[in-house]
Amino acid sequence: MRTISLRRALPLIIVLVFLAVLPLGANGYILGVLTTAFYFAVFAMSWDLLFGYAGEVNFGPTFLIGLGAYGAGMANALLHAPVPLAILIGAIVAVAGGVALAIPALRLSGPYLGLITLVAVLLLQQAIVIFAGVTGGEIGLSVPDVLSIDSGPNYEYALAFMIISGLVLSIIARSSLGMILQAAGQDKIAAAALGFNATRHKIMAFAISALFSGLAGALLVFYLGTASVSAVVDVSIGVRVIIAAVLGGRRTIIGGAIGAIFLIVAGELLRPIGQLSTFVVALIALIVIVILPDGLLGLLPSRRGA
Amino acid sequence: MSRKLCTVLLAGAASLVVATAVAQAAKPLVIGITTELGTIPGKAIANGATLAADQINASGGVDGRQIKLIIEDDHLSTTDAIRSFQRMVKQDHAVAVVGTFVSEVALALEPWAARLHEPYMITGAAANELSEYVHADYKARQYIFHAYLPAADLARAVCDASKQTLVDQFHMTTAVVMSEDAAWTKPLDAGYDKCLPTAGLKVLDNIRFAPNTTDFTPIYQKIEALHPNVIIDGWAHVGVQPTVQWAEQKVPIAMAGINAQAGSSVFWKATNGATEGVITGNTSAPGVAITPKTLPFTDAYQKKFGISPAYSAYSTYDAIYALKDAIERAKSTKPLPVVDQLAKTDMVGTQGQIAFEGPSDKFTHALKYGPKYVTGVAVQWQKGEQKCIWPLNLANAKPAFPSFVKLPAKS
Amino acid sequence: MLALQILIDGFAISTLYALGALGFTLIFGVSGVLNLAHGGLLVVAAMIAWYVGTSLGYGADWGALAGLGAAIGAALLTYGGVVRPIERSRAIPPRERELFVLTATLLWGVMIQEALAYAFTDSPVTVQPLIGGTIGILGVRTPINELLIAIIAWAVMGCLWLLVNRTKIGKRLLAASINPRALTLLGFELGTIYLTVWLIYGVLAGIAGVLLGSFLGTGSDYIPDLTGSAFTIVVLGGLGSVSGTLMAAYVVGYIETLTAYLISPSLRDVPALFLLIIVLYVRPQGLLGRR
């Protein structure tokens, strides 16, 4: 088990402390942008656990996010479950979905698995539209309760959740589970020869990724006050998650968070150029990926040779 | 120093003082516009608001205050829209937010309008749920106005138009309803099923199809086998493909109802003329004066933006004027007085007489429908132009169908 | 009667699917690139064909030609600006090249979509068909354009087969797909071969885009669906297998048409998705794929 040296963690801690005291000085708008960015960060970090460590090409992060979001939203809107219980229900639904997604992953890999995960998203989307009576269909589902209507508390919830998720995911990735996943992802047979049960670890990886994706999806619903296909299920959201993880630096966990925050803040800064902002963000991301394959984290000197 | 110069200087100083005082009183009035700039109806919302604001500012503003619009693109995403809504309210202190033609986005913004006590006018989305939502808890949700017709009223307009054109003039008796499977078409179809028989058109079948359908041949074949006189459609996401395939396959059935894309002036080019003979409900038609305000608006719009306005431009333009009147009557920009006055709106708009339904109506705060208020028009594409065929007192053409459409024998 | 309807209609839509997916499978087969900007190339071709043919008024023929040219340009730009820099990059480990190409072409597709929406708005348009009108086939009224599309599509597929199997260039392409290293050892410049195949890909995408645009319409919003549909068909058929792609296109096309006719038009794409899951689960390499 590798330890995280204090010297490397120090800048991170400074950034986090700065973020934690931000509500004292910043206005509601900046907090609002960062709140969404933090939930996106968890999406990207969970995805990185699957891809970066286990080598699973998952094109459907929104399958897990969507299950968590709709599970929680429906629990609150239909069963009148209080928010914490609803979030728990959403997380359970997402984990079940994650395990279901792990089954094809045991047999398939590369673009084949990628397609299956993509199809899972499309089927979820179809199901939401077909069962519009309980899901709200393409118009979306309004949930009666929200975490808070003030930006301050919403921001703190999101920040705390991101830090905890990042910490847990990093510990898992650096533990023996992460090592075995990485080994199995690179050479299945060798890993099996060493006596590791790759199947069990793979299912674990999917379940953990699903847990955090689902929790983040559920929390996002109670931040937005609505669950809708365009916010938590659409393939384009999944694309943004993947881009965020690769952009920040894959196989680092924390890179996902950096990429997600970068993408959302850049999109926000480019708002004045209007319609073309998405184009420019995509262009920047493309340039970064081609020139800096290790992502934004690759820029930090301390990571070189690590 | 001569006396004259002294007077001038004094006068100058005085006017400077007055000007500063006026400028302080006239802090601009911020109105937020949330819309989707990559789409035709979304762009029209931004244009309609810009035109109204420019005109109001040129003629002295709202009680002397200039309007400042903050136009934000939500890229059709509820997350972006909510974030931008919160920002407009908290950061820019917008007196009201106007916009979106996407029901999903509007429905996501409604709870926030209620939570943040922000007047919000929806100017393009059509789902019934939008105004039913206000009805369900009026006290908390009175800040929301659905400044467009709900789908149920759109269906009524189609039935009224069909009665006076297709049934009375062409003796049509049967119809098949063909709608895209979307939230806004559910109440529309329910409305069709109820009012088409009253209008004299028996509904033989109601076909709903996935909005991402690309090949419409199976649907047209199925409809043709039932031999109806007319297909009554409910389309917004689709439009180009079913229209082109209808013409290309020479489906011998007339086409009417709501084909939102056909309401746009570029539809002729988009379909290479396949839209000849297609009838659709619309807010207005070129050159048709629904009210004395309609033509000056369309002319000014055409001059400023180089295209003719889409339906959401009319509703947004009217909404901004309704808001201006309400603020002036309320002598305040505080939410509740403005909302109280908005609810009392009764003004001549570009679409007709503008008024909102009260709390007892199922569609609370939606535009009032009817010949005295807003009905919209039925237009038909004829030789590359949109002609108005209904209401009859405004019509500038008689309906005519392409040669491949089989019409009932005239008795 | 109904059976004949389904037969003709399914044939038309399946042929379009096949044509749309052909370039995608070719470029994967030869150079190992999964181009997720594929839909973007098709729509660029269709959009330019509409713009030149209808909006500027030069007519269907010039429009189609301009669309073809635009697709070739876009394909070469995809290769030169996106794929090649990644393949030549030393910083990207070869094992991860695939993912980088996927992500980069995905971003490139987003850029194409946004640029088209900016230039033409996202509302759909239709490319003018080369020939209008309908004819009756055993009582089924069929648009001539539909027949023409099928004929052109099959002619194009025939040409591609001849090119690959009967010419020197084709043999090199085939060799590059099986063992690129051996080919370089024999003194062939892989770069030239890849350039050739991207050129052919541009032509295929151009023809497919213009024809699809005349039958189904086109618009920047169609891009993700077109990419997804090509991806589905190609994986179902077996990645890189041209005959597998054809087979998969017809299977998917007919299943969708059958669902639309016999069950409900609103469920048309659901059974094909389930079929895809089942096939991939039982036979992960696709219908005719090599492992």
# chains A, B, ... in the order shown; residues from 1 in each chain; ligands from 1
call {"tool": "interface_residues", "arguments": {"of": "chain C", "to": "chain A", "cutoff": "8 Å", "atoms": "only C-alpha atoms", "output": "number ranges by chain"}}
result
C: 82, 85-86, 89, 91-92, 100, 103-104, 106-108, 110-111, 114-115, 118, 231-232, 235, 270, 273, 277, 280-281, 284-285
call {"tool": "residues_around", "arguments": {"residues": "stretch 158-173 of chain A", "least_positions_apart": "6", "cutoff": "9 Å", "atoms": "only C-alpha atoms", "output": "list in words"}}
result
Leu16, Leu19, Ala20, Leu34, Thr35, Thr36, Ala37, Phe38, Tyr39, Ala41, Val42, Met45, Ser46, Leu49, Tyr53, Met179, Leu181, Ile208, Ser209, Phe212, Ala216, Leu219, Leu220, Arg251, Thr252, Ile253, Ile254 and Ala257 of chain A
call {"tool": "write_last_selection", "arguments": {"atoms": "N, CA, C and O atoms", "output": "CSV table (one decimal), in the first residue's frame"}}
result
chain,number,residue,atom,x,y,z
A,16,LEU,N,-8.3,22.9,-0.9
A,16,LEU,CA,-9.6,22.5,-0.3
A,16,LEU,C,-10.0,23.5,0.8
A,16,LEU,O,-11.2,23.8,1.0
A,19,LEU,N,-11.4,26.4,-0.8
A,19,LEU,CA,-12.8,26.2,-1.2
A,19,LEU,C,-13.8,26.2,-0.1
A,19,LEU,O,-14.9,26.7,-0.2
A,20,ALA,N,-13.3,25.7,1.1
A,20,ALA,CA,-14.2,25.5,2.2
A,20,ALA,C,-14.6,26.9,2.8
A,20,ALA,O,-15.7,27.1,3.2
A,34,LEU,N,-19.9,26.3,-8.9
A,34,LEU,CA,-19.0,25.3,-8.3
A,34,LEU,C,-19.8,24.1,-7.7
A,34,LEU,O,-19.4,22.9,-7.7
A,35,THR,N,-21.1,24.3,-7.2
A,35,THR,CA,-21.9,23.2,-6.7
A,35,THR,C,-22.1,22.2,-7.8
A,35,THR,O,-21.8,21.0,-7.5
A,36,THR,N,-22.5,22.6,-8.9
A,36,THR,CA,-22.7,21.6,-10.0
A,36,THR,C,-21.4,21.0,-10.4
A,36,THR,O,-21.3,19.8,-10.6
A,37,ALA,N,-20.3,21.8,-10.4
A,37,ALA,CA,-19.0,21.2,-10.8
A,37,ALA,C,-18.6,20.1,-9.8
A,37,ALA,O,-18.0,19.1,-10.2
A,38,PHE,N,-18.9,20.3,-8.5
A,38,PHE,CA,-18.5,19.3,-7.5
A,38,PHE,C,-19.2,18.0,-7.8
A,38,PHE,O,-18.6,16.9,-7.7
A,39,TYR,N,-20.5,18.0,-8.1
A,39,TYR,CA,-21.2,16.8,-8.3
A,39,TYR,C,-20.7,16.1,-9.6
A,39,TYR,O,-20.5,14.9,-9.7
A,41,ALA,N,-17.7,16.4,-10.6
A,41,ALA,CA,-16.4,15.9,-10.2
A,41,ALA,C,-16.5,14.4,-9.7
A,41,ALA,O,-15.7,13.6,-10.0
A,42,VAL,N,-17.6,14.2,-8.9
A,42,VAL,CA,-17.7,12.8,-8.4
A,42,VAL,C,-18.1,11.9,-9.5
A,42,VAL,O,-17.6,10.7,-9.5
A,45,MET,N,-14.8,11.1,-11.1
A,45,MET,CA,-13.9,10.3,-10.3
A,45,MET,C,-14.4,8.8,-10.3
A,45,MET,O,-13.6,7.9,-10.4
A,46,SER,N,-15.7,8.6,-10.2
A,46,SER,CA,-16.2,7.2,-10.2
A,46,SER,C,-16.0,6.6,-11.5
A,46,SER,O,-15.7,5.4,-11.5
A,49,LEU,N,-12.4,5.3,-11.7
A,49,LEU,CA,-12.1,4.0,-11.0
A,49,LEU,C,-12.3,2.9,-11.9
A,49,LEU,O,-11.5,1.9,-12.0
A,53,TYR,N,-8.5,2.3,-13.6
A,53,TYR,CA,-7.9,1.2,-12.9
A,53,TYR,C,-8.3,-0.1,-13.4
A,53,TYR,O,-7.5,-1.0,-13.7
A,179,MET,N,-4.8,-2.3,-7.1
A,179,MET,CA,-3.7,-3.0,-7.8
A,179,MET,C,-4.2,-4.2,-8.6
A,179,MET,O,-3.7,-4.4,-9.7
A,181,LEU,N,-7.1,-4.7,-9.8
A,181,LEU,CA,-7.9,-4.3,-10.9
A,181,LEU,C,-7.0,-3.9,-12.0
A,181,LEU,O,-7.2,-4.3,-13.2
A,208,ILE,N,-18.8,-0.2,-6.5
A,208,ILE,CA,-18.3,1.0,-5.8
A,208,ILE,C,-18.5,2.2,-6.7
A,208,ILE,O,-19.0,3.3,-6.3
A,209,SER,N,-18.1,2.1,-8.0
A,209,SER,CA,-18.3,3.2,-9.0
A,209,SER,C,-19.8,3.6,-9.0
A,209,SER,O,-20.2,4.8,-9.0
A,212,PHE,N,-21.0,5.6,-5.8
A,212,PHE,CA,-20.7,7.1,-5.8
A,212,PHE,C,-21.4,7.8,-6.9
A,212,PHE,O,-21.9,8.9,-6.7
A,216,ALA,N,-24.1,10.8,-6.1
A,216,ALA,CA,-24.0,12.1,-6.7
A,216,ALA,C,-25.2,12.5,-7.5
A,216,ALA,O,-25.7,13.6,-7.4
A,219,LEU,N,-28.0,13.3,-5.1
A,219,LEU,CA,-27.8,14.7,-4.4
A,219,LEU,C,-28.1,15.8,-5.4
A,219,LEU,O,-28.7,16.8,-5.1
A,220,LEU,N,-27.7,15.5,-6.7
A,220,LEU,CA,-27.9,16.6,-7.7
A,220,LEU,C,-29.4,16.8,-7.9
A,220,LEU,O,-29.8,18.0,-8.1
A,251,ARG,N,-6.5,7.7,-14.4
A,251,ARG,CA,-5.8,6.8,-13.5
A,251,ARG,C,-5.2,7.7,-12.3
A,251,ARG,O,-4.1,7.4,-11.9
A,252,THR,N,-5.9,8.7,-11.9
A,252,THR,CA,-5.4,9.5,-10.8
A,252,THR,C,-6.5,9.8,-9.8
A,252,THR,O,-6.3,10.3,-8.7
A,253,ILE,N,-7.8,9.4,-10.1
A,253,ILE,CA,-9.0,9.8,-9.4
A,253,ILE,C,-9.2,11.3,-9.3
A,253,ILE,O,-10.1,11.8,-9.8
A,254,ILE,N,-8.2,11.9,-8.6
A,254,ILE,CA,-8.4,13.4,-8.4
A,254,ILE,C,-8.4,14.1,-9.7
A,254,ILE,O,-9.1,15.2,-9.9
A,257,ALA,N,-11.8,15.1,-10.9
A,257,ALA,CA,-12.4,16.3,-10.2
A,257,ALA,C,-11.9,17.5,-10.9
A,257,ALA,O,-12.6,18.4,-11.2
call {"tool": "atom_distance", "arguments": {"atom1": "atom CA of B:Lys202", "atom2": "atom CA of B:Thr174"}}
result
4.6 Å
call {"tool": "interface_residues", "arguments": {"of": "chain C", "to": "chain B", "cutoff": "8 Å", "atoms": "only C-alpha atoms", "output": "compact mmCIF listing (two decimals) with all heavy atoms, in the first residue's frame"}}
result
# COMPACT_ATOMS: atom_id res chain seq x y z
N ILE C 6 -43.61 -4.46 -46.17
CA ILE C 6 -42.53 -4.57 -45.20
C ILE C 6 -41.23 -4.90 -45.92
O ILE C 6 -40.17 -4.35 -45.62
CB ILE C 6 -42.88 -5.65 -44.15
CG1 ILE C 6 -44.11 -5.20 -43.35
CG2 ILE C 6 -41.71 -5.91 -43.22
CD1 ILE C 6 -44.61 -6.21 -42.35
N ASP C 9 -40.07 -1.66 -47.91
CA ASP C 9 -39.73 -0.58 -47.00
C ASP C 9 -38.50 -0.93 -46.16
O ASP C 9 -37.59 -0.13 -45.99
CB ASP C 9 -40.95 -0.33 -46.10
CG ASP C 9 -40.81 0.97 -45.36
OD1 ASP C 9 -40.12 1.86 -45.88
OD2 ASP C 9 -41.40 1.08 -44.28
N ILE C 13 -34.71 1.05 -45.96
CA ILE C 13 -34.12 1.61 -44.74
C ILE C 13 -32.84 0.84 -44.38
O ILE C 13 -31.84 1.42 -43.96
CB ILE C 13 -35.15 1.63 -43.59
CG1 ILE C 13 -34.69 2.57 -42.49
CG2 ILE C 13 -35.44 0.28 -43.01
CD1 ILE C 13 -34.94 4.01 -42.79
N THR C 54 -30.09 23.77 -52.46
CA THR C 54 -31.39 24.42 -52.23
C THR C 54 -31.26 25.87 -51.83
O THR C 54 -31.87 26.75 -52.41
CB THR C 54 -32.18 23.65 -51.14
OG1 THR C 54 -32.29 22.30 -51.55
CG2 THR C 54 -33.56 24.24 -50.98
N SER C 55 -30.43 26.13 -50.80
CA SER C 55 -30.41 27.47 -50.26
C SER C 55 -29.78 28.45 -51.25
O SER C 55 -30.31 29.53 -51.49
CB SER C 55 -29.62 27.48 -48.95
OG SER C 55 -29.91 28.63 -48.21
N ALA C 117 -24.56 23.92 -35.95
CA ALA C 117 -25.71 24.57 -35.32
C ALA C 117 -25.54 26.08 -35.37
O ALA C 117 -26.50 26.82 -35.56
CB ALA C 117 -25.87 24.09 -33.88
N TYR C 118 -24.30 26.53 -35.21
CA TYR C 118 -24.04 27.96 -35.24
C TYR C 118 -24.29 28.51 -36.64
O TYR C 118 -24.90 29.56 -36.82
CB TYR C 118 -22.60 28.23 -34.81
CG TYR C 118 -22.27 29.70 -34.70
CD1 TYR C 118 -22.79 30.46 -33.66
CD2 TYR C 118 -21.47 30.32 -35.65
CE1 TYR C 118 -22.50 31.80 -33.56
CE2 TYR C 118 -21.17 31.66 -35.55
CZ TYR C 118 -21.69 32.41 -34.50
OH TYR C 118 -21.42 33.73 -34.39
N THR C 121 -28.32 26.92 -37.68
CA THR C 121 -29.26 26.56 -36.60
C THR C 121 -29.47 25.04 -36.62
O THR C 121 -29.09 24.37 -37.56
CB THR C 121 -30.65 27.24 -36.65
OG1 THR C 121 -31.49 26.57 -37.58
CG2 THR C 121 -30.55 28.71 -36.95
N ASP C 122 -30.11 24.52 -35.58
CA ASP C 122 -30.22 23.05 -35.51
C ASP C 122 -31.52 22.53 -36.13
O ASP C 122 -31.82 21.36 -36.02
CB ASP C 122 -30.08 22.57 -34.06
CG ASP C 122 -31.29 22.94 -33.23
OD1 ASP C 122 -32.12 23.75 -33.70
OD2 ASP C 122 -31.42 22.42 -32.10
N SER C 123 -32.28 23.40 -36.79
CA SER C 123 -33.54 22.87 -37.34
C SER C 123 -33.24 22.09 -38.61
O SER C 123 -32.41 22.47 -39.43
CB SER C 123 -34.54 23.97 -37.60
OG SER C 123 -33.96 24.95 -38.39
N PRO C 124 -33.92 20.93 -38.73
CA PRO C 124 -33.58 20.01 -39.80
C PRO C 124 -33.98 20.51 -41.19
O PRO C 124 -34.91 21.31 -41.33
CB PRO C 124 -34.36 18.74 -39.45
CG PRO C 124 -35.36 19.14 -38.46
CD PRO C 124 -34.92 20.41 -37.83
N VAL C 125 -33.29 20.02 -42.20
CA VAL C 125 -33.61 20.33 -43.59
C VAL C 125 -33.53 19.03 -44.39
O VAL C 125 -33.07 18.01 -43.87
CB VAL C 125 -32.60 21.34 -44.18
CG1 VAL C 125 -32.65 22.65 -43.44
CG2 VAL C 125 -31.20 20.78 -44.16
N THR C 126 -33.97 19.06 -45.64
CA THR C 126 -33.88 17.88 -46.49
C THR C 126 -33.08 18.20 -47.74
O THR C 126 -33.31 19.23 -48.36
CB THR C 126 -35.27 17.44 -46.98
OG1 THR C 126 -36.20 17.70 -45.97
CG2 THR C 126 -35.27 15.99 -47.34
N VAL C 127 -32.19 17.29 -48.08
CA VAL C 127 -31.44 17.44 -49.33
C VAL C 127 -32.39 17.12 -50.48
O VAL C 127 -33.16 16.16 -50.41
CB VAL C 127 -30.23 16.50 -49.35
CG1 VAL C 127 -29.48 16.62 -50.66
CG2 VAL C 127 -29.32 16.79 -48.19
N GLN C 128 -32.32 17.93 -51.52
CA GLN C 128 -33.20 17.70 -52.66
C GLN C 128 -32.88 16.37 -53.31
O GLN C 128 -31.72 16.08 -53.61
CB GLN C 128 -32.93 18.83 -53.67
CG GLN C 128 -34.08 19.08 -54.59
CD GLN C 128 -33.77 20.27 -55.48
OE1 GLN C 128 -32.95 21.13 -55.13
NE2 GLN C 128 -34.40 20.32 -56.62
N GLY C 132 -37.38 12.97 -58.42
CA GLY C 132 -38.60 12.93 -57.62
C GLY C 132 -39.58 11.92 -58.19
O GLY C 132 -39.27 11.16 -59.11
N GLY C 133 -40.79 11.88 -57.65
CA GLY C 133 -41.85 11.03 -58.20
C GLY C 133 -41.90 9.64 -57.59
O GLY C 133 -41.04 9.25 -56.81
N THR C 134 -42.96 8.90 -57.92
CA THR C 134 -43.11 7.55 -57.38
C THR C 134 -43.43 6.59 -58.51
O THR C 134 -43.92 6.99 -59.56
CB THR C 134 -44.28 7.46 -56.38
OG1 THR C 134 -45.47 7.86 -57.07
CG2 THR C 134 -44.08 8.33 -55.17
N ARG C 141 -46.77 1.71 -53.75
CA ARG C 141 -46.30 2.98 -54.27
C ARG C 141 -44.94 3.30 -53.65
O ARG C 141 -44.81 3.44 -52.45
CB ARG C 141 -47.31 4.06 -53.92
CG ARG C 141 -47.29 5.26 -54.86
CD ARG C 141 -48.37 6.25 -54.49
NE ARG C 141 -48.28 6.57 -53.08
CZ ARG C 141 -49.24 6.30 -52.19
NH1 ARG C 141 -50.35 5.74 -52.57
NH2 ARG C 141 -49.09 6.60 -50.93
N THR C 142 -43.91 3.37 -54.48
CA THR C 142 -42.55 3.55 -53.97
C THR C 142 -41.93 4.78 -54.59
O THR C 142 -41.96 4.94 -55.81
CB THR C 142 -41.69 2.33 -54.35
OG1 THR C 142 -42.45 1.14 -54.08
CG2 THR C 142 -40.41 2.30 -53.55
N PRO C 143 -41.34 5.67 -53.79
CA PRO C 143 -40.67 6.83 -54.36
C PRO C 143 -39.47 6.37 -55.20
O PRO C 143 -38.73 5.48 -54.79
CB PRO C 143 -40.19 7.62 -53.14
CG PRO C 143 -41.01 7.13 -52.01
CD PRO C 143 -41.35 5.71 -52.32
N PHE C 215 -33.36 11.30 -47.91
CA PHE C 215 -34.45 10.41 -47.50
C PHE C 215 -34.92 10.71 -46.08
O PHE C 215 -36.12 10.75 -45.80
CB PHE C 215 -33.99 8.95 -47.58
CG PHE C 215 -35.10 7.96 -47.34
CD1 PHE C 215 -36.08 7.78 -48.29
CD2 PHE C 215 -35.14 7.24 -46.17
CE1 PHE C 215 -37.12 6.87 -48.07
CE2 PHE C 215 -36.17 6.32 -45.94
CZ PHE C 215 -37.16 6.14 -46.89
N LEU C 216 -33.98 10.95 -45.16
CA LEU C 216 -34.34 11.11 -43.76
C LEU C 216 -34.26 12.56 -43.29
O LEU C 216 -34.64 12.87 -42.17
CB LEU C 216 -33.41 10.28 -42.87
CG LEU C 216 -33.25 8.81 -43.24
CD1 LEU C 216 -32.22 8.18 -42.34
CD2 LEU C 216 -34.57 8.10 -43.10
N GLY C 217 -33.72 13.44 -44.12
CA GLY C 217 -33.48 14.81 -43.66
C GLY C 217 -32.17 14.86 -42.90
O GLY C 217 -31.55 13.83 -42.63
N THR C 257 -38.43 -2.19 -38.94
CA THR C 257 -39.60 -2.03 -39.80
C THR C 257 -40.73 -2.95 -39.36
O THR C 257 -41.89 -2.54 -39.29
CB THR C 257 -39.20 -2.34 -41.26
OG1 THR C 257 -38.04 -1.57 -41.57
CG2 THR C 257 -40.31 -1.95 -42.21
N ALA C 260 -42.31 -1.50 -36.31
CA ALA C 260 -43.13 -0.34 -36.62
C ALA C 260 -44.45 -0.75 -37.26
O ALA C 260 -45.50 -0.19 -36.97
CB ALA C 260 -42.36 0.61 -37.54
N TYR C 261 -44.41 -1.75 -38.15
CA TYR C 261 -45.64 -2.17 -38.83
C TYR C 261 -46.53 -2.99 -37.91
O TYR C 261 -47.73 -2.82 -37.88
CB TYR C 261 -45.32 -3.02 -40.06
CG TYR C 261 -45.14 -2.22 -41.33
CD1 TYR C 261 -43.88 -1.87 -41.77
CD2 TYR C 261 -46.23 -1.83 -42.07
CE1 TYR C 261 -43.70 -1.14 -42.93
CE2 TYR C 261 -46.07 -1.09 -43.24
CZ TYR C 261 -44.81 -0.75 -43.67
OH TYR C 261 -44.65 -0.02 -44.81
N SER C 264 -45.75 -1.28 -32.78
CA SER C 264 -46.10 0.13 -32.61
C SER C 264 -44.94 0.98 -33.08
O SER C 264 -43.79 0.67 -32.79
CB SER C 264 -46.38 0.42 -31.13
OG SER C 264 -46.20 1.79 -30.89
N PRO C 265 -45.22 2.05 -33.81
CA PRO C 265 -44.14 2.90 -34.29
C PRO C 265 -43.38 3.55 -33.15
O PRO C 265 -42.24 3.97 -33.32
CB PRO C 265 -44.85 3.97 -35.13
CG PRO C 265 -46.24 3.53 -35.29
CD PRO C 265 -46.54 2.52 -34.26
N SER C 266 -44.00 3.66 -31.97
CA SER C 266 -43.29 4.35 -30.90
C SER C 266 -42.25 3.46 -30.24
O SER C 266 -41.43 3.90 -29.47
CB SER C 266 -44.28 4.88 -29.86
OG SER C 266 -44.92 3.82 -29.24
N LEU C 267 -42.28 2.14 -30.54
CA LEU C 267 -41.30 1.22 -29.93
C LEU C 267 -40.28 0.75 -30.94
O LEU C 267 -39.55 -0.20 -30.69
CB LEU C 267 -42.02 0.00 -29.34
CG LEU C 267 -42.97 0.28 -28.18
CD1 LEU C 267 -43.67 -1.01 -27.76
CD2 LEU C 267 -42.21 0.85 -27.00
N ARG C 268 -40.17 1.45 -32.08
CA ARG C 268 -39.44 0.83 -33.19
C ARG C 268 -37.98 0.49 -32.87
O ARG C 268 -37.48 -0.52 -33.33
CB ARG C 268 -39.59 1.66 -34.47
CG ARG C 268 -38.59 2.73 -34.72
CD ARG C 268 -38.83 3.36 -36.11
NE ARG C 268 -38.19 2.63 -37.18
CZ ARG C 268 -38.65 2.59 -38.42
NH1 ARG C 268 -39.76 3.18 -38.73
NH2 ARG C 268 -37.99 1.94 -39.33
call {"tool": "interface_residues", "arguments": {"of": "chain B", "to": "chain A", "cutoff": "7 Å", "atoms": "only C-alpha atoms", "output": "list in words"}}
result
Leu37, Gly38, Asp73, Ser77, Thr78, Thr79, Ile82, Arg83, Arg87, Lys90, Gln91, Ser103, Glu104, Ala108 and Ala183 of chain B
call {"tool": "residues_around", "arguments": {"residues": "C:Gly63", "least_positions_apart": "5", "cutoff": "10 Å", "atoms": "only C-alpha atoms", "output": "MDAnalysis selection string"}}
result
chainID C and resid 45:58 68:69 127:128 130 210
call {"tool": "write_last_selection", "arguments": {"atoms": "N, CA and C atoms", "output": "CSV table (one decimal), in the first residue's frame"}}
result
chain,number,residue,atom,x,y,z
C,45,ALA,N,-21.7,16.5,-45.0
C,45,ALA,CA,-22.0,16.3,-46.5
C,45,ALA,C,-23.4,16.7,-46.8
C,46,ALA,N,-24.4,16.3,-46.0
C,46,ALA,CA,-25.8,16.6,-46.3
C,46,ALA,C,-26.1,18.0,-46.2
C,47,MET,N,-25.6,18.7,-45.1
C,47,MET,CA,-25.9,20.1,-44.9
C,47,MET,C,-25.3,21.0,-46.0
C,48,ILE,N,-24.1,20.7,-46.5
C,48,ILE,CA,-23.5,21.4,-47.6
C,48,ILE,C,-24.3,21.2,-48.8
C,49,ALA,N,-24.7,19.9,-49.0
C,49,ALA,CA,-25.5,19.6,-50.2
C,49,ALA,C,-26.8,20.4,-50.2
C,50,TRP,N,-27.4,20.5,-49.1
C,50,TRP,CA,-28.6,21.3,-49.0
C,50,TRP,C,-28.3,22.8,-49.2
C,51,TYR,N,-27.3,23.3,-48.6
C,51,TYR,CA,-26.9,24.7,-48.7
C,51,TYR,C,-26.7,25.1,-50.1
C,52,VAL,N,-25.8,24.3,-50.8
C,52,VAL,CA,-25.5,24.7,-52.2
C,52,VAL,C,-26.7,24.4,-53.1
C,53,GLY,N,-27.3,23.2,-52.9
C,53,GLY,CA,-28.4,22.8,-53.9
C,53,GLY,C,-29.6,23.6,-53.7
C,54,THR,N,-30.1,23.8,-52.5
C,54,THR,CA,-31.4,24.4,-52.2
C,54,THR,C,-31.3,25.9,-51.8
C,55,SER,N,-30.4,26.1,-50.8
C,55,SER,CA,-30.4,27.5,-50.3
C,55,SER,C,-29.8,28.4,-51.3
C,56,LEU,N,-28.7,28.1,-51.9
C,56,LEU,CA,-28.1,28.9,-52.9
C,56,LEU,C,-28.7,28.7,-54.3
C,57,GLY,N,-29.4,27.6,-54.4
C,57,GLY,CA,-30.2,27.4,-55.6
C,57,GLY,C,-29.5,26.8,-56.8
C,58,TYR,N,-28.3,26.1,-56.6
C,58,TYR,CA,-27.6,25.5,-57.7
C,58,TYR,C,-28.2,24.2,-58.2
C,68,LEU,N,-20.3,16.0,-51.3
C,68,LEU,CA,-19.2,15.0,-51.5
C,68,LEU,C,-17.9,15.6,-51.2
C,69,GLY,N,-17.6,16.8,-51.8
C,69,GLY,CA,-16.3,17.5,-51.6
C,69,GLY,C,-16.2,17.8,-50.1
C,127,VAL,N,-32.2,17.3,-48.1
C,127,VAL,CA,-31.4,17.4,-49.3
C,127,VAL,C,-32.4,17.1,-50.5
C,128,GLN,N,-32.3,17.9,-51.5
C,128,GLN,CA,-33.2,17.7,-52.7
C,128,GLN,C,-32.9,16.4,-53.3
C,130,LEU,N,-32.3,13.5,-56.1
C,130,LEU,CA,-31.8,13.6,-57.5
C,130,LEU,C,-33.0,13.4,-58.4
C,210,VAL,N,-25.2,12.5,-48.3
C,210,VAL,CA,-26.1,13.1,-49.2
C,210,VAL,C,-27.4,12.3,-49.4
call {"tool": "select_by_dssp", "arguments": {"residues": "stretch 113-240 of chain A", "states": "strand (DSSP E or B)", "output": "PyMOL selection string"}}
result
chain A and resi 141-142+226-227
